[in-house]
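Peer 1: Pasting data-v6.tsv below, which is TSV, C-alpha atoms.
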chain	number	residue	atom	x	y	z
A	1	MET	CA	-4.44	8.89	32.80
A	2	VAL	CA	-7.53	6.99	33.87
A	3	GLN	CA	-9.03	5.30	30.85
A	4	TYR	CA	-12.63	4.19	30.75
A	5	THR	CA	-12.67	1.10	28.58
A	6	GLN	CA	-16.14	0.42	27.31
A	7	PRO	CA	-15.65	-2.28	24.67
A	8	HIS	CA	-19.42	-2.68	24.14
A	9	LEU	CA	-19.63	1.05	23.35
A	10	ASP	CA	-17.19	0.37	20.49
A	11	SER	CA	-19.51	-2.26	19.01
A	12	VAL	CA	-22.60	-0.11	19.52
A	13	PHE	CA	-21.05	2.94	17.81
A	14	ALA	CA	-19.68	0.71	15.01
A	15	ALA	CA	-23.15	-0.82	14.50
A	16	LEU	CA	-24.65	2.68	14.23
A	17	ALA	CA	-22.03	3.82	11.68
A	18	ASP	CA	-24.16	2.69	8.74
A	19	SER	CA	-27.32	4.37	7.46
A	20	THR	CA	-28.98	1.04	6.52
A	21	ARG	CA	-28.43	-0.32	10.02
A	22	ARG	CA	-29.81	2.88	11.55
A	23	GLY	CA	-32.78	2.56	9.17
A	24	VAL	CA	-33.33	-1.06	10.25
A	25	LEU	CA	-33.38	0.02	13.91
A	26	GLU	CA	-35.91	2.76	13.14
A	27	GLN	CA	-38.02	0.25	11.19
A	28	LEU	CA	-37.92	-2.29	14.02
A	29	GLY	CA	-38.82	0.53	16.40
A	30	ARG	CA	-42.13	0.66	14.51
A	31	SER	CA	-42.78	-3.09	14.19
A	32	GLU	CA	-40.93	-6.38	14.19
A	33	ALA	CA	-39.96	-7.75	10.78
A	34	SER	CA	-38.44	-10.79	9.11
A	35	ILE	CA	-35.05	-10.64	7.39
A	36	THR	CA	-36.96	-10.98	4.07
A	37	ASP	CA	-39.19	-7.97	4.90
A	38	LEU	CA	-36.14	-5.91	5.79
A	39	ALA	CA	-34.21	-6.96	2.67
A	40	ASP	CA	-37.21	-5.93	0.51
A	41	ARG	CA	-37.66	-2.63	2.28
A	42	PHE	CA	-34.01	-1.67	1.97
A	43	HIS	CA	-33.60	-3.06	-1.58
A	44	MET	CA	-30.91	-5.46	-0.48
A	45	THR	CA	-30.05	-9.14	-0.89
A	46	LEU	CA	-30.95	-11.53	1.93
A	47	THR	CA	-27.24	-12.17	2.51
A	48	GLY	CA	-26.51	-8.44	2.79
A	49	MET	CA	-29.38	-7.88	5.22
A	50	ARG	CA	-28.37	-10.93	7.31
A	51	LYS	CA	-24.91	-9.38	7.74
A	52	HIS	CA	-26.34	-6.03	8.86
A	53	VAL	CA	-28.74	-7.71	11.30
A	54	GLY	CA	-25.83	-9.82	12.59
A	55	VAL	CA	-23.83	-6.66	13.41
A	56	LEU	CA	-26.84	-5.14	15.20
A	57	GLU	CA	-27.44	-8.41	17.08
A	58	GLN	CA	-23.77	-8.61	18.20
A	59	ALA	CA	-24.07	-5.08	19.58
A	60	GLY	CA	-27.22	-6.05	21.54
A	61	LEU	CA	-29.36	-3.62	19.55
A	62	VAL	CA	-31.48	-6.31	17.86
A	63	VAL	CA	-32.68	-9.76	18.91
A	64	THR	CA	-33.75	-12.39	16.39
A	65	GLU	CA	-35.77	-15.58	16.69
A	66	LYS	CA	-36.07	-18.29	14.09
A	67	VAL	CA	-39.44	-20.03	13.80
A	68	GLY	CA	-39.51	-22.56	10.97
A	69	ARG	CA	-37.82	-20.89	8.05
A	70	VAL	CA	-38.51	-17.31	9.12
A	71	ARG	CA	-36.11	-15.29	11.27
A	72	THR	CA	-37.98	-12.48	13.00
A	73	CYS	CA	-36.09	-9.40	14.20
A	74	ARG	CA	-37.02	-7.11	17.09
A	75	ILE	CA	-35.24	-4.24	18.78
A	76	GLY	CA	-33.02	-5.50	21.59
A	77	ALA	CA	-32.72	-4.53	25.21
A	78	ARG	CA	-29.77	-2.16	24.76
A	79	ARG	CA	-31.38	1.24	24.99
A	80	LEU	CA	-28.43	3.39	24.00
A	81	GLU	CA	-28.43	5.03	27.43
A	82	GLU	CA	-24.67	4.57	27.69
A	83	VAL	CA	-24.21	6.13	24.26
A	84	ALA	CA	-26.45	9.04	25.24
A	85	GLU	CA	-24.52	9.42	28.53
A	86	TRP	CA	-21.17	9.50	26.76
A	87	ILE	CA	-22.42	12.13	24.31
A	88	GLU	CA	-23.85	14.16	27.19
A	89	ARG	CA	-20.51	14.04	29.06
A	90	TYR	CA	-18.65	15.11	25.93
A	91	HIS	CA	-21.14	17.94	25.36
A	92	GLN	CA	-20.51	19.25	28.84
A	93	LEU	CA	-16.74	19.28	28.21
A	94	TRP	CA	-17.31	20.96	24.85
A	95	ASP	CA	-19.57	23.62	26.36
A	96	ALA	CA	-17.15	24.26	29.21
A	97	ARG	CA	-14.25	24.56	26.77
A	98	PHE	CA	-16.09	26.96	24.47
A	99	GLY	CA	-17.47	28.76	27.51
A	100	GLU	CA	-13.87	29.47	28.54
A	101	LEU	CA	-13.09	30.82	25.06
A	102	ASP	CA	-16.19	33.05	25.22
A	103	GLN	CA	-14.95	34.36	28.57
A	104	VAL	CA	-11.49	35.12	27.11
A	105	ILE	CA	-13.13	36.97	24.20
A	106	GLU	CA	-15.40	38.89	26.62
A	107	GLU	CA	-12.37	39.92	28.70
A	108	LEU	CA	-10.46	41.00	25.59
A	109	LYS	CA	-13.48	43.10	24.52
A	110	ARG	CA	-13.80	44.64	27.97
A	111	LYS	CA	-10.08	45.41	28.01
A	112	GLU	CA	-10.31	46.95	24.54
A	113	ASN	CA	-13.30	49.09	25.57
A	114	SER	CA	-11.67	50.28	28.77
A	115	ASP	CA	-8.41	51.05	26.89
A	116	GLY	CA	-10.46	53.01	24.37
A	117	HIS	CA	-12.21	54.79	27.22
A	118	GLU	CA	-8.86	55.69	28.84
A	119	ARG	CA	-7.63	57.14	25.57
A	120	THR	CA	-10.72	59.34	25.10
A	121	THR	CA	-10.72	60.73	28.64
B	122	MET	CA	-39.63	3.71	2.16
B	123	VAL	CA	-38.19	7.15	2.75
B	124	GLN	CA	-34.53	6.83	3.63
B	125	TYR	CA	-32.66	9.56	5.42
B	126	THR	CA	-29.12	9.38	4.17
B	127	GLN	CA	-26.74	11.08	6.53
B	128	PRO	CA	-23.29	10.09	5.28
B	129	HIS	CA	-21.53	12.36	7.79
B	130	LEU	CA	-23.36	10.55	10.60
B	131	ASP	CA	-21.66	7.35	9.37
B	132	SER	CA	-18.22	8.91	9.74
B	133	VAL	CA	-19.04	10.44	13.13
B	134	PHE	CA	-20.34	7.14	14.55
B	135	ALA	CA	-17.34	5.29	13.05
B	136	ALA	CA	-14.95	7.82	14.61
B	137	LEU	CA	-16.60	7.29	18.00
B	138	ALA	CA	-16.38	3.47	17.73
B	139	ASP	CA	-12.96	3.39	19.41
B	140	SER	CA	-12.22	3.97	23.08
B	141	THR	CA	-8.89	5.74	22.38
B	142	ARG	CA	-10.59	8.18	20.00
B	143	ARG	CA	-13.34	8.85	22.56
B	144	GLY	CA	-10.59	9.37	25.15
B	145	VAL	CA	-8.80	11.83	22.84
B	146	LEU	CA	-12.02	13.82	22.43
B	147	GLU	CA	-12.54	13.92	26.20
B	148	GLN	CA	-8.92	15.00	26.66
B	149	LEU	CA	-9.23	17.76	24.04
B	150	GLY	CA	-12.46	18.79	25.75
B	151	ARG	CA	-10.25	19.69	28.72
B	152	SER	CA	-7.38	21.36	26.85
B	153	GLU	CA	-5.76	21.42	23.43
B	154	ALA	CA	-2.79	19.10	22.95
B	155	SER	CA	-0.10	18.20	20.43
B	156	ILE	CA	-0.01	14.80	18.74
B	157	THR	CA	3.08	14.03	20.87
B	158	ASP	CA	1.19	14.88	24.12
B	159	LEU	CA	-1.69	12.65	23.06
B	160	ALA	CA	0.59	9.78	21.99
B	161	ASP	CA	2.30	9.94	25.44
B	162	ARG	CA	-0.94	10.12	27.34
B	163	PHE	CA	-2.46	7.14	25.53
B	164	HIS	CA	0.81	5.11	25.45
B	165	MET	CA	0.81	4.98	21.70
B	166	THR	CA	3.24	5.57	18.83
B	167	LEU	CA	3.12	8.91	17.03
B	168	THR	CA	2.04	7.10	13.85
B	169	GLY	CA	-0.82	5.36	15.69
B	170	MET	CA	-2.02	8.61	17.26
B	171	ARG	CA	-1.75	10.47	13.94
B	172	LYS	CA	-4.11	7.90	12.41
B	173	HIS	CA	-6.66	8.26	15.21
B	174	VAL	CA	-6.52	12.06	15.02
B	175	GLY	CA	-6.92	11.80	11.23
B	176	VAL	CA	-10.14	9.80	11.64
B	177	LEU	CA	-11.49	12.36	14.14
B	178	GLU	CA	-10.47	15.23	11.84
B	179	GLN	CA	-12.20	13.63	8.82
B	180	ALA	CA	-15.39	13.38	10.88
B	181	GLY	CA	-15.16	17.08	11.83
B	182	LEU	CA	-14.74	16.24	15.52
B	183	VAL	CA	-11.17	17.58	15.76
B	184	VAL	CA	-9.26	20.37	14.03
B	185	THR	CA	-5.48	20.45	13.85
B	186	GLU	CA	-3.00	23.20	13.09
B	187	LYS	CA	0.68	22.75	12.36
B	188	VAL	CA	3.00	25.45	13.64
B	189	GLY	CA	6.64	24.65	12.95
B	190	ARG	CA	7.08	20.98	13.77
B	191	VAL	CA	4.21	20.75	16.25
B	192	ARG	CA	0.66	19.79	15.22
B	193	THR	CA	-1.81	21.06	17.80
B	194	CYS	CA	-5.24	19.42	18.11
B	195	ARG	CA	-8.45	21.01	19.32
B	196	ILE	CA	-12.05	19.84	19.42
B	197	GLY	CA	-13.84	20.67	16.19
B	198	ALA	CA	-17.07	22.46	15.48
B	199	ARG	CA	-19.21	19.32	15.14
B	200	ARG	CA	-21.12	19.23	18.38
B	201	LEU	CA	-22.72	15.80	18.02
B	202	GLU	CA	-26.18	17.40	18.01
B	203	GLU	CA	-27.17	15.27	15.02
B	204	VAL	CA	-25.97	12.15	16.79
B	205	ALA	CA	-27.89	13.13	19.93
B	206	GLU	CA	-30.98	13.87	17.80
B	207	TRP	CA	-30.82	10.50	16.08
B	208	ILE	CA	-30.49	8.70	19.42
B	209	GLU	CA	-33.38	10.72	20.84
B	210	ARG	CA	-35.59	9.80	17.86
B	211	TYR	CA	-34.69	6.13	18.23
B	212	HIS	CA	-35.41	6.29	21.97
B	213	GLN	CA	-38.87	7.65	21.28
B	214	LEU	CA	-39.58	4.78	18.86
B	215	TRP	CA	-38.20	2.32	21.39
B	216	ASP	CA	-40.33	3.71	24.22
B	217	ALA	CA	-43.45	3.77	22.04
B	218	ARG	CA	-42.82	0.17	20.96
B	219	PHE	CA	-42.32	-1.05	24.52
B	220	GLY	CA	-45.23	1.12	25.65
B	221	GLU	CA	-47.44	-0.80	23.19
B	222	LEU	CA	-46.19	-4.11	24.57
B	223	ASP	CA	-46.97	-2.92	28.11
B	224	GLN	CA	-50.46	-2.02	26.95
B	225	VAL	CA	-50.98	-5.48	25.40
B	226	ILE	CA	-49.80	-7.09	28.64
B	227	GLU	CA	-52.11	-4.82	30.67
B	228	GLU	CA	-55.06	-5.77	28.44
B	229	LEU	CA	-54.25	-9.48	28.72
B	230	LYS	CA	-54.11	-9.12	32.51
B	231	ARG	CA	-57.41	-7.23	32.57
B	232	LYS	CA	-59.00	-9.87	30.32
B	233	GLU	CA	-57.66	-12.65	32.53
B	234	ASN	CA	-59.01	-10.94	35.65
B	235	SER	CA	-62.44	-10.31	34.14
B	236	ASP	CA	-62.60	-13.90	32.79
B	237	GLY	CA	-61.73	-15.12	36.26
B	238	HIS	CA	-64.39	-12.80	37.68
B	239	GLU	CA	-66.99	-14.13	35.19
B	240	ARG	CA	-66.16	-17.68	36.14
B	241	THR	CA	-66.51	-17.00	39.87
B	242	THR	CA	-69.86	-15.22	39.57
Turn this file's structure into structure tokens for me.

Peer 2:
Amino acid sequence: MVQYTQPHLDSVFAALADSTRRGVLEQLGRSEASITDLADRFHMTLTGMRKHVGVLEQAGLVVTEKVGRVRTCRIGARRLEEVAEWIERYHQLWDARFGELDQVIEELKRKENSDGHERTT
Amino acid sequence: MVQYTQPHLDSVFAALADSTRRGVLEQLGRSEASITDLADRFHMTLTGMRKHVGVLEQAGLVVTEKVGRVRTCRIGARRLEEVAEWIERYHQLWDARFGELDQVIEELKRKENSDGHERTT
């Protein structure tokens, strides 16, 4: 079986598997922010927020820059296109699979109706 | 700050954060399969595959049914719409944010050009 190995997709999905990290991305989508701002906003310690931002940074979803004592966070260049593409491909498989089931059910119904028809005539 | 807590989204993203599990979903998108089939296909022990399928099942992405000694796996009812919606929302923020940056750059360019123009006249 051909296997598509997309190790970065693993890290992107893992980074998104946390509601705080998704919230941070949404927040940074609105405006850049320091780690302190983000920690305040999400009622979290600086250490906790640094860890979350680190995971997002590793996945390419966030970039940070330290100027003096302040580390500013922005959304990164990874636009989740690959994630969206994977989901789209899976959706197509899903639809096709359930489309087949619908067809089987339709055929069963048709068969049932025509059997019923044969009996009544 | 309003926080949207979507705990099931956490488990869905976490389930997708593994290339074997994504491969299993794609495979089940094509046809149902037993744990043994899947373990063979992905060159994995039965125990390893059972764990992966368990994670997918917990997230609602796969359903399994045991008949006799064979556990058959199918894709579940969770269609990843919520995941797709979240990504779409994030994309819109991303585009808006980078759209703003483009605008700032455009304005800076315009300003530079008109300054240059003022100097030359």

Peer 1: Least-squares fit on all C-alpha atoms, paired in order: put chain B onto chain A and return it as a short mmCIF file (atom, residue, chain, number, x, y, z; two decimals) with C-alpha atoms, in the coordinates of the input.

Peer 2:
data_model
loop_
_atom_site.label_atom_id
_atom_site.label_comp_id
_atom_site.auth_asym_id
_atom_site.auth_seq_id
_atom_site.Cartn_x
_atom_site.Cartn_y
_atom_site.Cartn_z
CA MET B 122 -4.54 9.32 32.61
CA VAL B 123 -7.60 7.39 33.69
CA GLN B 124 -9.09 5.64 30.69
CA TYR B 125 -12.67 4.47 30.63
CA THR B 126 -12.71 1.39 28.47
CA GLN B 127 -16.17 0.64 27.21
CA PRO B 128 -15.66 -2.06 24.58
CA HIS B 129 -19.41 -2.52 24.07
CA LEU B 130 -19.68 1.19 23.26
CA ASP B 131 -17.25 0.53 20.38
CA SER B 132 -19.52 -2.13 18.92
CA VAL B 133 -22.66 -0.03 19.42
CA PHE B 134 -21.15 3.03 17.71
CA ALA B 135 -19.78 0.81 14.91
CA ALA B 136 -23.21 -0.78 14.43
CA LEU B 137 -24.77 2.68 14.15
CA ALA B 138 -22.18 3.86 11.58
CA ASP B 139 -24.31 2.69 8.65
CA SER B 140 -27.49 4.30 7.37
CA THR B 141 -29.12 0.95 6.46
CA ARG B 142 -28.52 -0.39 9.97
CA ARG B 143 -29.95 2.80 11.50
CA GLY B 144 -32.92 2.42 9.13
CA VAL B 145 -33.40 -1.20 10.24
CA LEU B 146 -33.46 -0.10 13.89
CA GLU B 147 -36.03 2.60 13.12
CA GLN B 148 -38.11 0.06 11.20
CA LEU B 149 -37.96 -2.48 14.04
CA GLY B 150 -38.88 0.35 16.40
CA ARG B 151 -42.20 0.42 14.54
CA SER B 152 -42.80 -3.33 14.25
CA GLU B 153 -40.91 -6.61 14.25
CA ALA B 154 -39.94 -7.98 10.84
CA SER B 155 -38.37 -11.02 9.20
CA ILE B 156 -35.01 -10.82 7.44
CA THR B 157 -36.92 -11.22 4.14
CA ASP B 158 -39.21 -8.23 4.97
CA LEU B 159 -36.18 -6.11 5.83
CA ALA B 160 -34.24 -7.19 2.72
CA ASP B 161 -37.27 -6.19 0.56
CA ARG B 162 -37.78 -2.90 2.31
CA PHE B 163 -34.13 -1.87 1.97
CA HIS B 164 -33.72 -3.30 -1.58
CA MET B 165 -30.99 -5.64 -0.49
CA THR B 166 -30.07 -9.31 -0.87
CA LEU B 167 -30.92 -11.68 1.97
CA THR B 168 -27.19 -12.28 2.53
CA GLY B 169 -26.53 -8.52 2.77
CA MET B 170 -29.38 -8.00 5.23
CA ARG B 171 -28.32 -11.02 7.31
CA LYS B 172 -24.89 -9.42 7.73
CA HIS B 173 -26.35 -6.08 8.83
CA VAL B 174 -28.71 -7.78 11.29
CA GLY B 175 -25.76 -9.83 12.58
CA VAL B 176 -23.81 -6.64 13.36
CA LEU B 177 -26.83 -5.16 15.17
CA GLU B 178 -27.36 -8.42 17.08
CA GLN B 179 -23.69 -8.57 18.17
CA ALA B 180 -24.05 -5.04 19.55
CA GLY B 181 -27.17 -6.04 21.51
CA LEU B 182 -29.35 -3.64 19.51
CA VAL B 183 -31.44 -6.38 17.86
CA VAL B 184 -32.58 -9.85 18.92
CA THR B 185 -33.61 -12.51 16.44
CA GLU B 186 -35.58 -15.72 16.77
CA LYS B 187 -35.86 -18.45 14.18
CA VAL B 188 -39.18 -20.24 13.95
CA GLY B 189 -39.25 -22.78 11.14
CA ARG B 190 -37.58 -21.12 8.18
CA VAL B 191 -38.34 -17.54 9.22
CA ARG B 192 -35.95 -15.46 11.35
CA THR B 193 -37.87 -12.67 13.07
CA CYS B 194 -36.02 -9.55 14.26
CA ARG B 195 -36.96 -7.27 17.12
CA ILE B 196 -35.22 -4.36 18.80
CA GLY B 197 -32.95 -5.55 21.59
CA ALA B 198 -32.66 -4.55 25.20
CA ARG B 199 -29.77 -2.12 24.72
CA ARG B 200 -31.43 1.25 24.96
CA LEU B 201 -28.49 3.43 23.92
CA GLU B 202 -28.50 5.10 27.35
CA GLU B 203 -24.73 4.69 27.58
CA VAL B 204 -24.31 6.24 24.15
CA ALA B 205 -26.59 9.13 25.12
CA GLU B 206 -24.67 9.54 28.40
CA TRP B 207 -21.32 9.66 26.63
CA ILE B 208 -22.61 12.27 24.17
CA GLU B 209 -24.07 14.30 27.03
CA ARG B 210 -20.73 14.23 28.88
CA TYR B 211 -18.88 15.31 25.75
CA HIS B 212 -21.41 18.10 25.17
CA GLN B 213 -20.78 19.43 28.65
CA LEU B 214 -17.02 19.49 28.02
CA TRP B 215 -17.61 21.14 24.67
CA ASP B 216 -19.88 23.82 26.15
CA ALA B 217 -17.47 24.48 29.02
CA ARG B 218 -14.57 24.79 26.57
CA PHE B 219 -16.43 27.19 24.30
CA GLY B 220 -17.78 29.00 27.37
CA GLU B 221 -14.16 29.65 28.40
CA LEU B 222 -13.36 31.00 24.94
CA ASP B 223 -16.39 33.30 25.14
CA GLN B 224 -15.13 34.53 28.50
CA VAL B 225 -11.65 35.25 27.08
CA ILE B 226 -13.24 37.15 24.19
CA GLU B 227 -15.46 39.09 26.63
CA GLU B 228 -12.41 40.01 28.73
CA LEU B 229 -10.45 41.10 25.66
CA LYS B 230 -13.39 43.28 24.60
CA ARG B 231 -13.69 44.77 28.09
CA LYS B 232 -9.93 45.43 28.16
CA GLU B 233 -10.08 47.03 24.72
CA ASN B 234 -12.99 49.24 25.79
CA SER B 235 -11.33 50.32 29.03
CA ASP B 236 -8.01 50.97 27.22
CA GLY B 237 -9.92 53.08 24.73
CA HIS B 238 -11.64 54.84 27.63
CA GLU B 239 -8.26 55.51 29.33
CA ARG B 240 -6.88 56.95 26.13
CA THR B 241 -9.85 59.29 25.64
CA THR B 242 -9.80 60.63 29.21
#

Peer 1: So the first atom is atom CA of A:Asp37 and the second is atom CA of A:Ala77; what is the distance between them in Å, to one decimal place?

Peer 2: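 A separation of 21.6 Å between them.
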
Peer 1: Pick the closest to chain A from B:His129, B:Gly175, B:Ala135, B:Val183: which is it, counting all atoms listed in the file?

Peer 2: B:Ala135

Peer 1: Please return, as a VMD selection string, all polymer residues that have at least one atom within 7 Å of the point (-16.9, 16.2, 22.5); use all atoms listed in the file and the file's own coordinate frame.

Peer 2: (chain A and resid 90 to 91 93 to 94) or (chain B and resid 146 to 147 150 196 200)

Peer 1: Store the residues picked out above, limited to C-alpha atoms, as a PDB file, in the coordinates of the input.

Peer 2:
ATOM      1  CA  TYR A  90     -18.650  15.110  25.930  1.00  0.00           C
ATOM      2  CA  HIS A  91     -21.140  17.940  25.360  1.00  0.00           C
ATOM      3  CA  LEU A  93     -16.740  19.280  28.210  1.00  0.00           C
ATOM      4  CA  TRP A  94     -17.310  20.960  24.850  1.00  0.00           C
TER       5      TRP A  94
ATOM      6  CA  LEU B 146     -12.020  13.820  22.430  1.00  0.00           C
ATOM      7  CA  GLU B 147     -12.540  13.920  26.200  1.00  0.00           C
ATOM      8  CA  GLY B 150     -12.460  18.790  25.750  1.00  0.00           C
ATOM      9  CA  ILE B 196     -12.050  19.840  19.420  1.00  0.00           C
ATOM     10  CA  ARG B 200     -21.120  19.230  18.380  1.00  0.00           C
TER      11      ARG B 200
END

Peer 1: Could you check the closest approach to chain B for each of A:Val12, A:Ala17, A:Gly76, A:Lys66 and tell me which residue wins, using only C-alpha atoms?

Peer 2: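 Closest residue, counting only C-alpha atoms: A:Ala17.
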
Peer 1: Dump as a PDB file with C-alpha atoms, keeping the file's coordinate frame the residues of chain B that approach chain A to within 10 Å, counting all atoms listed in the file.

Peer 2:
ATOM      1  CA  MET B 122     -39.630   3.710   2.160  1.00  0.00           C
ATOM      2  CA  VAL B 123     -38.190   7.150   2.750  1.00  0.00           C
ATOM      3  CA  GLN B 124     -34.530   6.830   3.630  1.00  0.00           C
ATOM      4  CA  TYR B 125     -32.660   9.560   5.420  1.00  0.00           C
ATOM      5  CA  THR B 126     -29.120   9.380   4.170  1.00  0.00           C
ATOM      6  CA  GLN B 127     -26.740  11.080   6.530  1.00  0.00           C
ATOM      7  CA  PRO B 128     -23.290  10.090   5.280  1.00  0.00           C
ATOM      8  CA  HIS B 129     -21.530  12.360   7.790  1.00  0.00           C
ATOM      9  CA  LEU B 130     -23.360  10.550  10.600  1.00  0.00           C
ATOM     10  CA  ASP B 131     -21.660   7.350   9.370  1.00  0.00           C
ATOM     11  CA  SER B 132     -18.220   8.910   9.740  1.00  0.00           C
ATOM     12  CA  VAL B 133     -19.040  10.440  13.130  1.00  0.00           C
ATOM     13  CA  PHE B 134     -20.340   7.140  14.550  1.00  0.00           C
ATOM     14  CA  ALA B 135     -17.340   5.290  13.050  1.00  0.00           C
ATOM     15  CA  ALA B 136     -14.950   7.820  14.610  1.00  0.00           C
ATOM     16  CA  LEU B 137     -16.600   7.290  18.000  1.00  0.00           C
ATOM     17  CA  ALA B 138     -16.380   3.470  17.730  1.00  0.00           C
ATOM     18  CA  ASP B 139     -12.960   3.390  19.410  1.00  0.00           C
ATOM     19  CA  SER B 140     -12.220   3.970  23.080  1.00  0.00           C
ATOM     20  CA  THR B 141      -8.890   5.740  22.380  1.00  0.00           C
ATOM     21  CA  ARG B 143     -13.340   8.850  22.560  1.00  0.00           C
ATOM     22  CA  GLY B 144     -10.590   9.370  25.150  1.00  0.00           C
ATOM     23  CA  LEU B 146     -12.020  13.820  22.430  1.00  0.00           C
ATOM     24  CA  GLU B 147     -12.540  13.920  26.200  1.00  0.00           C
ATOM     25  CA  GLN B 148      -8.920  15.000  26.660  1.00  0.00           C
ATOM     26  CA  LEU B 149      -9.230  17.760  24.040  1.00  0.00           C
ATOM     27  CA  GLY B 150     -12.460  18.790  25.750  1.00  0.00           C
ATOM     28  CA  ARG B 151     -10.250  19.690  28.720  1.00  0.00           C
ATOM     29  CA  SER B 152      -7.380  21.360  26.850  1.00  0.00           C
ATOM     30  CA  GLU B 153      -5.760  21.420  23.430  1.00  0.00           C
ATOM     31  CA  ARG B 162      -0.940  10.120  27.340  1.00  0.00           C
ATOM     32  CA  PHE B 163      -2.460   7.140  25.530  1.00  0.00           C
ATOM     33  CA  HIS B 164       0.810   5.110  25.450  1.00  0.00           C
ATOM     34  CA  ILE B 196     -12.050  19.840  19.420  1.00  0.00           C
ATOM     35  CA  GLY B 197     -13.840  20.670  16.190  1.00  0.00           C
ATOM     36  CA  ALA B 198     -17.070  22.460  15.480  1.00  0.00           C
ATOM     37  CA  ARG B 200     -21.120  19.230  18.380  1.00  0.00           C
ATOM     38  CA  LEU B 201     -22.720  15.800  18.020  1.00  0.00           C
ATOM     39  CA  GLU B 202     -26.180  17.400  18.010  1.00  0.00           C
ATOM     40  CA  VAL B 204     -25.970  12.150  16.790  1.00  0.00           C
ATOM     41  CA  ALA B 205     -27.890  13.130  19.930  1.00  0.00           C
ATOM     42  CA  GLU B 206     -30.980  13.870  17.800  1.00  0.00           C
ATOM     43  CA  TRP B 207     -30.820  10.500  16.080  1.00  0.00           C
ATOM     44  CA  ILE B 208     -30.490   8.700  19.420  1.00  0.00           C
ATOM     45  CA  GLU B 209     -33.380  10.720  20.840  1.00  0.00           C
ATOM     46  CA  ARG B 210     -35.590   9.800  17.860  1.00  0.00           C
ATOM     47  CA  TYR B 211     -34.690   6.130  18.230  1.00  0.00           C
ATOM     48  CA  HIS B 212     -35.410   6.290  21.970  1.00  0.00           C
ATOM     49  CA  GLN B 213     -38.870   7.650  21.280  1.00  0.00           C
ATOM     50  CA  LEU B 214     -39.580   4.780  18.860  1.00  0.00           C
ATOM     51  CA  TRP B 215     -38.200   2.320  21.390  1.00  0.00           C
ATOM     52  CA  ASP B 216     -40.330   3.710  24.220  1.00  0.00           C
ATOM     53  CA  ALA B 217     -43.450   3.770  22.040  1.00  0.00           C
ATOM     54  CA  ARG B 218     -42.820   0.170  20.960  1.00  0.00           C
ATOM     55  CA  PHE B 219     -42.320  -1.050  24.520  1.00  0.00           C
TER      56      PHE B 219
END

Peer 1: In Å, rounded to a single decimal, give me how far atom CA of A:Ala59 is from atom CA of A:Ile35.

Peer 2: 17.3 Å

Peer 1: Suppose you want the space between atom CA of A:His52 and atom CA of B:Val176; what is it in Å?

Peer 2: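 We find that atom CA of A:His52 and atom CA of B:Val176 lie 22.8 Å from each other.
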